[in-house]
$ cat upload.txt   # compact mmCIF, C-alpha atoms (C1' of nucleotides)
# COMPACT_ATOMS: atom_id res chain seq x y z
CA MET P 1 55.39 30.66 189.94
CA THR P 2 54.50 33.83 191.76
CA ALA P 3 52.94 36.84 190.06
CA ASP P 4 56.16 38.77 190.66
CA GLU P 5 58.09 36.20 188.68
CA ARG P 6 55.56 36.06 185.88
CA ILE P 7 55.68 39.84 185.55
CA ARG P 8 59.46 39.81 185.49
CA ASP P 9 59.48 37.12 182.81
CA VAL P 10 56.98 38.71 180.45
CA ALA P 11 58.68 42.07 180.95
CA THR P 12 61.98 40.49 179.97
CA VAL P 13 60.45 39.18 176.75
CA LEU P 14 58.96 42.56 175.93
CA PHE P 15 62.11 44.53 176.74
CA PHE P 16 63.94 42.12 174.47
CA GLU P 17 61.47 42.41 171.61
CA ARG P 18 60.77 46.14 171.73
CA GLY P 19 63.37 47.73 173.96
CA TYR P 20 62.75 49.54 177.22
CA HIS P 21 61.10 52.66 175.81
CA GLY P 22 59.13 50.64 173.27
CA THR P 23 57.52 48.55 175.99
CA THR P 24 54.44 49.80 177.83
CA MET P 25 53.20 48.93 181.26
CA ARG P 26 49.81 48.17 179.71
CA GLU P 27 51.37 45.50 177.48
CA ILE P 28 53.34 43.99 180.33
CA GLY P 29 50.14 43.85 182.33
CA LYS P 30 48.19 42.26 179.51
CA ARG P 31 50.72 39.45 179.07
CA ALA P 32 50.95 38.92 182.81
CA GLY P 33 47.18 38.64 183.02
CA MET P 34 46.34 41.86 184.77
CA LYS P 35 45.83 45.59 184.23
CA ALA P 36 48.76 47.98 184.14
CA ALA P 37 47.79 49.56 187.45
CA SER P 38 48.02 46.19 189.21
CA LEU P 39 51.69 45.92 188.35
CA TYR P 40 52.33 48.57 190.98
CA ASN P 41 51.35 46.09 193.66
CA HIS P 42 54.50 44.17 192.73
CA TYR P 43 57.04 46.73 191.54
CA PRO P 44 57.32 50.43 192.31
CA GLY P 45 57.58 51.39 188.64
CA LYS P 46 58.80 50.56 185.18
CA GLN P 47 62.37 51.69 185.71
CA GLU P 48 62.77 49.68 188.92
CA LEU P 49 61.33 46.59 187.25
CA PHE P 50 63.81 46.99 184.44
CA HIS P 51 66.68 47.62 186.79
CA ARG P 52 65.93 44.53 188.83
CA ILE P 53 65.91 42.36 185.72
CA VAL P 54 69.26 43.66 184.53
CA ALA P 55 70.97 43.76 187.92
CA GLU P 56 69.82 40.31 189.02
CA THR P 57 70.82 38.80 185.69
CA THR P 58 74.29 40.27 185.85
CA ARG P 59 74.76 39.50 189.54
CA ALA P 60 73.78 35.86 189.00
CA LEU P 61 76.28 35.53 186.16
CA ILE P 62 79.11 36.83 188.32
CA ASP P 63 78.21 34.60 191.24
CA GLU P 64 78.01 31.50 189.09
CA ALA P 65 81.33 32.28 187.44
CA ARG P 66 83.06 32.80 190.76
CA ALA P 67 81.63 29.59 192.16
CA ARG P 68 82.77 27.51 189.21
CA LEU P 69 86.24 29.08 189.17
CA ALA P 70 86.80 28.50 192.88
CA GLY P 71 89.56 26.00 193.57
CA ARG P 72 90.78 25.91 189.97
CA ASP P 73 94.31 27.03 189.44
CA ASP P 74 95.55 26.18 185.94
CA PRO P 75 95.00 29.17 183.59
CA GLU P 76 93.78 27.03 180.68
CA ASP P 77 91.36 25.21 182.95
CA ARG P 78 90.15 28.52 184.33
CA LEU P 79 89.63 30.07 180.91
CA ARG P 80 87.76 27.02 179.64
CA THR P 81 85.59 27.02 182.73
CA LEU P 82 84.78 30.72 182.48
CA ILE P 83 83.90 30.42 178.79
CA ASP P 84 81.74 27.38 179.46
CA CYS P 85 79.96 29.23 182.24
CA HIS P 86 79.52 32.31 180.09
CA VAL P 87 78.12 30.40 177.13
CA ARG P 88 75.75 28.32 179.23
CA TYR P 89 74.49 31.39 181.02
CA HIS P 90 73.83 33.24 177.79
CA VAL P 91 72.08 30.23 176.32
CA ASP P 92 69.93 29.63 179.38
CA HIS P 93 69.02 33.29 179.85
CA ARG P 94 69.29 34.59 176.33
CA LEU P 95 66.58 37.22 176.55
CA ALA P 96 67.66 38.73 179.84
CA ALA P 97 71.29 38.59 178.78
CA ARG P 98 70.66 40.43 175.55
CA VAL P 99 68.44 42.99 177.21
CA SER P 100 71.22 43.67 179.69
CA GLU P 101 73.58 44.31 176.78
CA ASP P 102 71.47 46.24 174.36
CA GLN P 103 69.28 48.29 176.67
CA LEU P 104 72.00 49.34 179.08
CA ASN P 105 71.59 53.04 178.52
CA ALA P 106 67.89 52.90 179.17
CA LEU P 107 68.90 52.65 182.81
CA GLU P 108 68.72 55.97 184.59
CA PRO P 109 72.03 57.22 186.01
CA PRO P 110 72.12 55.74 189.51
CA ASN P 111 70.91 52.36 188.31
CA ARG P 112 73.17 52.55 185.34
CA SER P 113 76.45 53.07 187.13
CA ASP P 114 75.39 50.31 189.49
CA VAL P 115 75.15 47.85 186.59
CA VAL P 116 78.26 49.16 184.86
CA GLY P 117 80.13 48.38 188.06
CA LEU P 118 78.86 44.82 187.97
CA ARG P 119 79.95 44.43 184.37
CA ASP P 120 83.43 45.73 185.14
CA GLU P 121 83.63 43.26 187.98
CA TYR P 122 82.74 40.46 185.59
CA GLU P 123 85.13 41.53 182.84
CA ARG P 124 87.90 41.62 185.42
CA LEU P 125 87.58 37.84 185.70
CA PHE P 126 88.59 37.50 182.05
CA LYS P 127 91.44 39.97 182.38
CA GLN P 128 92.81 38.28 185.46
CA ILE P 129 92.88 34.89 183.78
CA LEU P 130 94.66 36.32 180.75
CA SER P 131 97.24 38.01 182.98
CA GLU P 132 97.80 34.80 184.90
CA GLY P 133 98.23 32.95 181.62
CA GLN P 134 100.85 35.47 180.53
CA ALA P 135 102.75 35.25 183.78
CA ARG P 136 102.56 31.54 184.46
CA ALA P 137 101.81 29.72 181.20
CA GLY P 138 103.65 31.79 178.62
CA TRP P 139 100.51 33.05 176.88
CA GLN P 140 101.02 35.80 174.35
CA VAL P 141 98.39 38.50 174.74
CA PRO P 142 99.06 41.70 172.80
CA ASP P 143 96.60 43.72 174.88
CA VAL P 144 94.81 42.17 177.84
CA ALA P 145 91.84 44.51 177.77
CA VAL P 146 91.29 44.18 174.02
CA VAL P 147 91.56 40.42 173.99
CA ALA P 148 89.42 39.99 177.10
CA SER P 149 86.70 42.06 175.52
CA ALA P 150 87.04 40.15 172.24
CA ILE P 151 86.64 36.77 173.91
CA ALA P 152 83.74 37.81 176.10
CA THR P 153 81.93 39.47 173.24
CA MET P 154 82.25 36.60 170.85
CA CYS P 155 80.84 34.27 173.50
CA THR P 156 78.05 36.66 174.38
CA GLN P 157 76.88 36.57 170.80
CA VAL P 158 75.75 32.98 171.30
CA ALA P 159 72.58 34.43 172.80
CA GLY P 160 71.76 35.86 169.40
CA TRP P 161 71.52 32.66 167.41
CA PHE P 162 71.56 29.59 169.62
CA ARG P 163 68.45 27.42 169.73
CA GLU P 164 67.90 24.41 171.96
CA ASP P 165 67.18 21.88 169.23
CA ASP P 166 70.35 22.57 167.34
CA ARG P 167 72.82 19.90 166.37
CA LEU P 168 75.10 21.62 168.87
CA ASN P 169 74.44 21.85 172.58
CA ALA P 170 75.76 24.60 174.80
CA GLY P 171 78.76 22.57 175.86
CA ASP P 172 79.77 21.99 172.23
CA VAL P 173 79.60 25.68 171.48
CA ALA P 174 81.58 26.51 174.59
CA ARG P 175 84.29 24.09 173.49
CA ILE P 176 84.51 25.66 170.04
CA TYR P 177 84.87 29.09 171.58
CA ALA P 178 87.38 27.91 174.17
CA ASP P 179 89.53 26.20 171.54
CA PHE P 180 89.35 29.30 169.42
CA ALA P 181 90.25 31.62 172.27
CA LEU P 182 93.09 29.45 173.55
CA SER P 183 94.65 29.08 170.14
CA GLY P 184 94.72 32.85 170.01
CA VAL P 185 96.59 33.33 173.25
CA ALA P 186 98.49 30.15 173.96
CA PRO P 187 101.50 28.74 172.16
CA ALA P 188 100.92 25.62 170.09
CA THR P 189 100.96 23.44 173.20
CA ALA P 190 97.24 23.82 173.70
CA ARG P 191 96.22 22.74 170.22
CA ALA P 192 94.96 19.24 169.54
CA MET A 1 76.91 70.22 155.20
CA THR A 2 73.27 70.22 154.20
CA ALA A 3 70.44 70.32 156.69
CA ASP A 4 69.51 66.78 155.66
CA GLU A 5 72.93 65.57 156.69
CA ARG A 6 72.95 67.48 159.94
CA ILE A 7 69.59 65.98 160.86
CA ARG A 8 70.81 62.51 160.01
CA ASP A 9 73.93 62.98 162.13
CA VAL A 10 72.26 64.34 165.25
CA ALA A 11 69.57 61.67 164.93
CA THR A 12 72.29 59.02 164.84
CA VAL A 13 73.77 60.35 168.06
CA LEU A 14 70.40 60.37 169.76
CA PHE A 15 69.38 56.92 168.56
CA PHE A 16 72.70 55.73 169.90
CA GLU A 17 72.35 57.42 173.28
CA ARG A 18 68.68 56.74 173.94
CA GLY A 19 67.48 54.17 171.46
CA TYR A 20 64.84 54.64 168.78
CA HIS A 21 61.80 54.81 171.04
CA GLY A 22 63.64 56.92 173.60
CA THR A 23 64.43 59.59 171.03
CA THR A 24 61.88 62.29 170.22
CA MET A 25 61.47 64.33 167.09
CA ARG A 26 61.52 67.44 169.26
CA GLU A 27 64.98 66.59 170.58
CA ILE A 28 66.30 65.78 167.12
CA GLY A 29 64.97 69.12 165.96
CA LYS A 30 66.50 71.01 168.85
CA ARG A 31 69.97 69.61 168.20
CA ALA A 32 69.64 70.21 164.48
CA GLY A 33 68.68 73.82 165.12
CA MET A 34 65.01 73.75 164.19
CA LYS A 35 61.59 72.78 165.48
CA ALA A 36 60.32 69.22 165.25
CA ALA A 37 57.78 70.13 162.61
CA SER A 38 60.48 71.42 160.29
CA LEU A 39 62.09 67.99 160.17
CA TYR A 40 59.22 66.92 157.96
CA ASN A 41 60.55 69.18 155.24
CA HIS A 42 63.51 66.78 155.01
CA TYR A 43 62.24 63.33 155.97
CA PRO A 44 58.75 61.88 155.78
CA GLY A 45 58.82 60.68 159.38
CA LYS A 46 60.79 59.24 162.27
CA GLN A 47 60.73 55.65 161.09
CA GLU A 48 61.93 56.53 157.59
CA LEU A 49 64.74 58.67 159.01
CA PHE A 50 65.81 55.79 161.19
CA HIS A 51 65.57 53.29 158.37
CA ARG A 52 67.71 55.41 156.09
CA ILE A 53 70.43 55.69 158.70
CA VAL A 54 70.56 51.95 159.28
CA ALA A 55 70.22 50.90 155.65
CA GLU A 56 72.77 53.36 154.29
CA THR A 57 75.26 52.43 157.00
CA THR A 58 74.96 48.73 156.29
CA ARG A 59 74.97 49.18 152.53
CA ALA A 60 78.13 51.29 152.67
CA LEU A 61 79.88 48.65 154.76
CA ILE A 62 79.08 45.94 152.24
CA ASP A 63 80.18 48.03 149.28
CA GLU A 64 83.45 48.97 150.90
CA ALA A 65 84.18 45.37 151.85
CA ARG A 66 83.49 44.14 148.33
CA ALA A 67 85.68 46.83 146.82
CA ARG A 68 88.62 46.04 149.04
CA LEU A 69 88.29 42.29 148.54
CA ALA A 70 88.17 42.59 144.76
CA GLY A 71 91.18 41.08 143.07
CA ARG A 72 92.50 39.39 146.22
CA ASP A 73 92.70 35.64 146.11
CA ASP A 74 94.69 34.25 149.03
CA PRO A 75 92.32 33.30 151.89
CA GLU A 76 94.55 34.71 154.62
CA ASP A 77 94.93 37.96 152.71
CA ARG A 78 91.18 38.10 152.19
CA LEU A 79 90.39 37.47 155.85
CA ARG A 80 92.89 40.07 157.00
CA THR A 81 91.47 42.57 154.53
CA LEU A 82 87.88 41.95 155.55
CA ILE A 83 88.72 42.27 159.24
CA ASP A 84 90.68 45.46 158.61
CA CYS A 85 87.78 46.87 156.64
CA HIS A 86 85.30 45.83 159.30
CA VAL A 87 87.30 47.32 162.16
CA ARG A 88 87.97 50.58 160.36
CA TYR A 89 84.35 50.93 159.44
CA HIS A 90 83.16 50.34 162.98
CA VAL A 91 85.72 52.81 164.31
CA ASP A 92 84.87 55.50 161.77
CA HIS A 93 81.12 55.09 162.13
CA ARG A 94 80.84 53.80 165.65
CA LEU A 95 77.53 55.39 166.50
CA ALA A 96 75.70 54.41 163.33
CA ALA A 97 77.23 50.93 163.48
CA ARG A 98 76.09 50.32 167.02
CA VAL A 99 72.66 51.73 166.37
CA SER A 100 72.32 49.34 163.46
CA GLU A 101 73.15 46.47 165.79
CA ASP A 102 71.28 47.32 168.92
CA GLN A 103 68.17 48.98 167.58
CA LEU A 104 67.49 46.50 164.80
CA ASN A 105 64.09 45.49 166.05
CA ALA A 106 62.90 49.04 166.27
CA LEU A 107 62.59 48.80 162.49
CA GLU A 108 59.07 48.06 161.38
CA PRO A 109 58.63 44.81 159.47
CA PRO A 110 59.19 45.83 155.83
CA ASN A 111 62.22 47.96 156.70
CA ARG A 112 63.45 45.33 159.06
CA SER A 113 63.58 42.40 156.67
CA ASP A 114 65.23 44.73 154.20
CA VAL A 115 68.09 45.36 156.62
CA VAL A 116 68.28 41.75 157.78
CA GLY A 117 68.85 40.81 154.15
CA LEU A 118 71.75 43.23 153.94
CA ARG A 119 73.29 41.79 157.07
CA ASP A 120 73.01 38.25 155.74
CA GLU A 121 74.70 39.41 152.59
CA TYR A 122 77.54 40.85 154.62
CA GLU A 123 77.96 37.83 156.88
CA ARG A 124 78.15 35.65 153.80
CA LEU A 125 81.47 37.34 152.98
CA PHE A 126 82.95 35.95 156.19
CA LYS A 127 81.51 32.51 155.63
CA GLN A 128 82.79 32.34 152.07
CA ILE A 129 86.32 33.22 153.12
CA LEU A 130 86.27 30.59 155.86
CA SER A 131 85.04 27.97 153.38
CA GLU A 132 87.72 28.92 150.89
CA GLY A 133 90.31 28.66 153.64
CA GLN A 134 89.09 25.18 154.50
CA ALA A 135 89.13 24.03 150.90
CA ARG A 136 92.34 25.63 149.70
CA ALA A 137 94.54 26.47 152.70
CA GLY A 138 93.82 23.61 155.09
CA TRP A 139 92.06 25.75 157.68
CA GLN A 140 90.27 23.90 160.43
CA VAL A 141 86.87 25.39 161.08
CA PRO A 142 84.60 23.30 163.30
CA ASP A 143 81.47 25.17 162.22
CA VAL A 144 81.63 27.85 159.54
CA ALA A 145 78.54 29.74 160.69
CA VAL A 146 79.55 29.75 164.35
CA VAL A 147 83.10 30.85 163.70
CA ALA A 148 82.09 33.47 161.14
CA SER A 149 79.69 34.98 163.63
CA ALA A 150 82.31 34.82 166.38
CA ILE A 151 84.91 36.67 164.33
CA ALA A 152 82.52 39.31 163.06
CA THR A 153 81.08 39.92 166.50
CA MET A 154 84.38 40.27 168.25
CA CYS A 155 85.44 42.85 165.65
CA THR A 156 82.15 44.68 165.84
CA GLN A 157 82.69 45.22 169.54
CA VAL A 158 85.51 47.63 168.73
CA ALA A 159 82.83 50.26 168.25
CA GLY A 160 82.04 49.95 171.95
CA TRP A 161 85.36 50.99 173.41
CA PHE A 162 87.68 52.42 170.77
CA ARG A 163 88.65 56.09 171.04
CA GLU A 164 90.73 58.01 168.52
CA ASP A 165 93.44 59.15 170.91
CA ASP A 166 94.25 55.71 172.15
CA ARG A 167 97.70 54.23 172.08
CA LEU A 168 96.28 51.92 169.41
CA ASN A 169 95.03 53.03 166.03
CA ALA A 170 92.41 51.20 164.03
CA GLY A 171 94.99 49.32 161.99
CA ASP A 172 96.67 48.02 165.14
CA VAL A 173 93.40 46.75 166.50
CA ALA A 174 92.55 45.13 163.19
CA ARG A 175 95.89 43.33 163.21
CA ILE A 176 95.33 42.03 166.74
CA TYR A 177 91.93 40.70 165.73
CA ALA A 178 93.22 39.23 162.48
CA ASP A 179 96.08 37.44 164.22
CA PHE A 180 93.68 36.16 166.80
CA ALA A 181 91.17 34.96 164.23
CA LEU A 182 93.76 33.35 162.00
CA SER A 183 95.40 31.47 164.85
CA GLY A 184 91.99 30.04 165.59
CA VAL A 185 91.37 28.67 162.11
CA ALA A 186 94.78 28.18 160.50
CA PRO A 187 97.44 25.61 161.35
CA ALA A 188 100.58 26.94 162.99
CA THR A 189 101.87 28.22 159.64
CA ALA A 190 100.20 31.56 160.11
CA ARG A 191 101.67 32.30 163.51
CA ALA A 192 104.67 34.58 163.94
C1' DC D 1 59.74 93.36 140.15
C1' DC D 2 56.97 89.87 140.92
C1' DG D 3 55.73 84.67 141.44
C1' DT D 4 57.38 80.59 143.12
C1' DT D 5 59.38 77.81 146.22
C1' DA D 6 62.21 76.03 149.96
C1' DG D 7 62.38 75.87 154.52
C1' DG D 8 61.56 77.70 158.57
C1' DC D 9 57.66 78.76 162.20
C1' DT D 10 53.32 78.33 165.67
C1' DA D 11 49.40 75.89 167.11
C1' DA D 12 47.08 72.10 167.67
C1' DC D 13 45.19 67.23 167.29
C1' DG D 14 44.41 62.66 168.87
C1' DA D 15 46.60 59.01 170.86
C1' DG D 16 49.09 56.79 174.23
C1' DC D 17 52.23 57.10 178.05
C1' DG D 18 53.51 56.14 183.34
C1' DT D 19 51.43 56.69 187.30
C1' DT D 20 47.96 57.60 191.21
C1' DA D 21 43.62 57.38 193.82
C1' DG D 22 40.05 55.05 195.42
C1' DT D 23 37.41 50.79 195.44
C1' DT D 24 36.41 45.91 195.82
C1' DA D 25 36.65 40.79 195.98
C1' DG D 26 38.69 36.85 198.25
C1' DC D 27 40.77 34.68 202.00
C1' DG D 28 43.26 33.20 206.18
C1' DA D 29 43.54 34.18 211.29
C1' DG D 30 41.56 35.27 215.71
C1' DC C 1 31.71 36.07 211.93
C1' DT C 2 34.58 39.61 211.13
C1' DC C 3 38.79 41.95 210.70
C1' DG C 4 42.68 43.11 207.94
C1' DC C 5 45.56 42.22 204.16
C1' DT C 6 46.72 41.15 199.49
C1' DA C 7 46.08 41.95 194.96
C1' DA C 8 43.12 42.78 191.63
C1' DC C 9 40.04 46.50 189.40
C1' DT C 10 38.15 51.22 187.13
C1' DA C 11 38.84 55.92 186.24
C1' DA C 12 41.41 59.49 185.54
C1' DC C 13 45.38 62.93 185.65
C1' DG C 14 48.95 65.39 183.48
C1' DC C 15 52.13 64.93 180.11
C1' DT C 16 54.52 63.95 175.88
C1' DC C 17 54.47 61.78 171.63
C1' DG C 18 54.47 61.84 166.21
C1' DT C 19 52.34 64.26 163.03
C1' DT C 20 49.50 67.78 160.37
C1' DA C 21 47.74 72.32 158.85
C1' DG C 22 48.51 76.73 157.85
C1' DC C 23 51.38 80.77 157.85
C1' DC C 24 55.60 83.74 157.06
C1' DT C 25 59.88 85.14 154.97
C1' DA C 26 63.97 85.28 152.30
C1' DA C 27 66.17 83.98 147.94
C1' DC C 28 66.05 83.43 143.15
C1' DG C 29 64.75 82.92 138.13
C1' DG C 30 62.24 85.20 134.31
$ encode --input "upload.txt" --output "structure tokens"
Amino acid sequence: MTADERIRDVATVLFFERGYHGTTMREIGKRAGMKAASLYNHYPGKQELFHRIVAETTRALIDEARARLAGRDDPEDRLRTLIDCHVRYHVDHRLAARVSEDQLNALEPPNRSDVVGLRDEYERLFKQILSEGQARAGWQVPDVAVVASAIATMCTQVAGWFREDDRLNAGDVARIYADFALSGVAPATARA
Amino acid sequence: MTADERIRDVATVLFFERGYHGTTMREIGKRAGMKAASLYNHYPGKQELFHRIVAETTRALIDEARARLAGRDDPEDRLRTLIDCHVRYHVDHRLAARVSEDQLNALEPPNRSDVVGLRDEYERLFKQILSEGQARAGWQVPDVAVVASAIATMCTQVAGWFREDDRLNAGDVARIYADFALSGVAPATARA
DNA sequence: CCGTTAGGCTAACGAGCGTTAGTTAGCGAG
DNA sequence: CTCGCTAACTAACGCTCGTTAGCCTAACGG
């Protein structure tokens, strides 16, 4: 593991625990095993370090979702896949994922609109699947934007409580959420 | 409106926009129409001001929920009522509600566990209703804690996007969420 | 009409912040 | 062996932070 990666990881933990403004470069340095000044050999500054964490996390989520959706056509299959992907991602990267949610407005304007664009791009995946479901599978969705946001948010929350050694694994949780979401949009056909 | 209230309100806006650590007493003072030092005539310090905002917000939500649930017995009625209450509260107090979510760990330990206790108390309302629904109305809930958190979270999110002049009012949104939640836990009986 | 008090103010303190400058140790390549 | 580069270090700068001390003034009760 390179020093760059170690810095990014300890910074993620600290941004999660204390927020962006509550985290100091001196503390990041201490946990990464160096002085604050040495961090500047790896990143140009605190804001850029933060931005890279958030942007890379969000970008990776989008890319993984697109890859797993590729080639799938059935709306139910697509929604289940996207939810599974979303839940797994938020379980595997819970700290970075929550930081990207909660600390969004600690990003300075240019970085911020950059990330907001990525998030819109991601949310569009949910909206598209819901629209497809309406058009081709008879789903009943009172408001695509509201329901898309509801589903995504409820799945995001998994990052807040999930722990590895639970009686549930990530796949189980994803299935619960997917069943729940589908029963909300699809006629009884989808229910067990 | 007293000066105390004005300070509390502008502080809420700032904590929302910039987070606890990103907000300065000088800026709170400026927006409240006084110097930072004068704030100490009204609150003993920044942390106490913040704690009061979060604690009073959460306490008020619990009290209102309890009041509206009192006397209602049918699980579906209770769940719809709680969701309606939750949505309205998060629409009417969106800034304070989101601050209470996102900035929770800016609370110092004694204040923090205080608020965490309040939140547990509130979440228990959801869990109890789901359990009652299982026992008395044949609801199917794979995991009470997971589903309770999912429902609450998806409703909480309303604070993130709702605006007064929308084509939807708070009651409409609450109904969408309640229908969605009920179709996820109740057999087909509850569907229109 | 005066004493008290509530609620502003200015000035300042000590601490900690992000960041920069300049230096140095280690190490692989020529 | 030595050059040059990487990545660490120490020291410090300028700034802002939360907070305190002390002062001033307007309003009000006796």
$ closest_residue --input "upload.txt" --among "P:Ile151, P:Ala67, P:Val144, P:Ile62" --to "Val115 of chain P" --atoms "all atoms listed in the file"
P:Ile62
$ closest_residue --input "upload.txt" --among "C:DT10, C:DT25, C:DT2, C:DT16" --to "DG22 of chain D" --atoms "only C-alpha atoms (C1' of nucleotides)"
C:DT10
$ interface_residues --input "upload.txt" --of "chain D" --to "chain A" --cutoff "8 Å" --atoms "only C-alpha atoms (C1' of nucleotides)" --output "VMD selection string"
chain D and resid 7 to 9
$ closest_residue --input "upload.txt" --among "A:Ser131, A:Asn111, A:Thr81, A:Gln47" --to "chain C" --atoms "all atoms listed in the file"
A:Gln47
$ closest_residue --input "upload.txt" --among "P:Val54, P:Ala36, P:Val173, P:Leu61" --to "chain C" --atoms "only C-alpha atoms (C1' of nucleotides)"
P:Ala36
$ decode --input "upload.txt" --residues "segment 118-135 of chain P" --atoms "C-alpha atoms" --output "PDB file, in the first residue's frame"
ATOM      1  CA  LEU P 118     -21.847  12.714 -10.796  1.00  0.00           C
ATOM      2  CA  ARG P 119     -24.646  12.141  -8.319  1.00  0.00           C
ATOM      3  CA  ASP P 120     -27.267  13.264 -10.817  1.00  0.00           C
ATOM      4  CA  GLU P 121     -25.768  10.886 -13.321  1.00  0.00           C
ATOM      5  CA  TYR P 122     -26.092   8.064 -10.826  1.00  0.00           C
ATOM      6  CA  GLU P 123     -29.641   8.893  -9.761  1.00  0.00           C
ATOM      7  CA  ARG P 124     -30.626   8.912 -13.412  1.00  0.00           C
ATOM      8  CA  LEU P 125     -29.957   5.173 -13.483  1.00  0.00           C
ATOM      9  CA  PHE P 126     -32.715   4.651 -10.921  1.00  0.00           C
ATOM     10  CA  LYS P 127     -35.116   6.964 -12.711  1.00  0.00           C
ATOM     11  CA  GLN P 128     -34.532   5.299 -16.054  1.00  0.00           C
ATOM     12  CA  ILE P 129     -35.257   1.860 -14.655  1.00  0.00           C
ATOM     13  CA  LEU P 130     -38.460   3.077 -13.035  1.00  0.00           C
ATOM     14  CA  SER P 131     -39.575   4.688 -16.291  1.00  0.00           C
ATOM     15  CA  GLU P 132     -38.816   1.525 -18.216  1.00  0.00           C
ATOM     16  CA  GLY P 133     -40.789  -0.457 -15.664  1.00  0.00           C
ATOM     17  CA  GLN P 134     -43.753   1.862 -16.127  1.00  0.00           C
ATOM     18  CA  ALA P 135     -43.628   1.653 -19.898  1.00  0.00           C
TER      19      ALA P 135
END
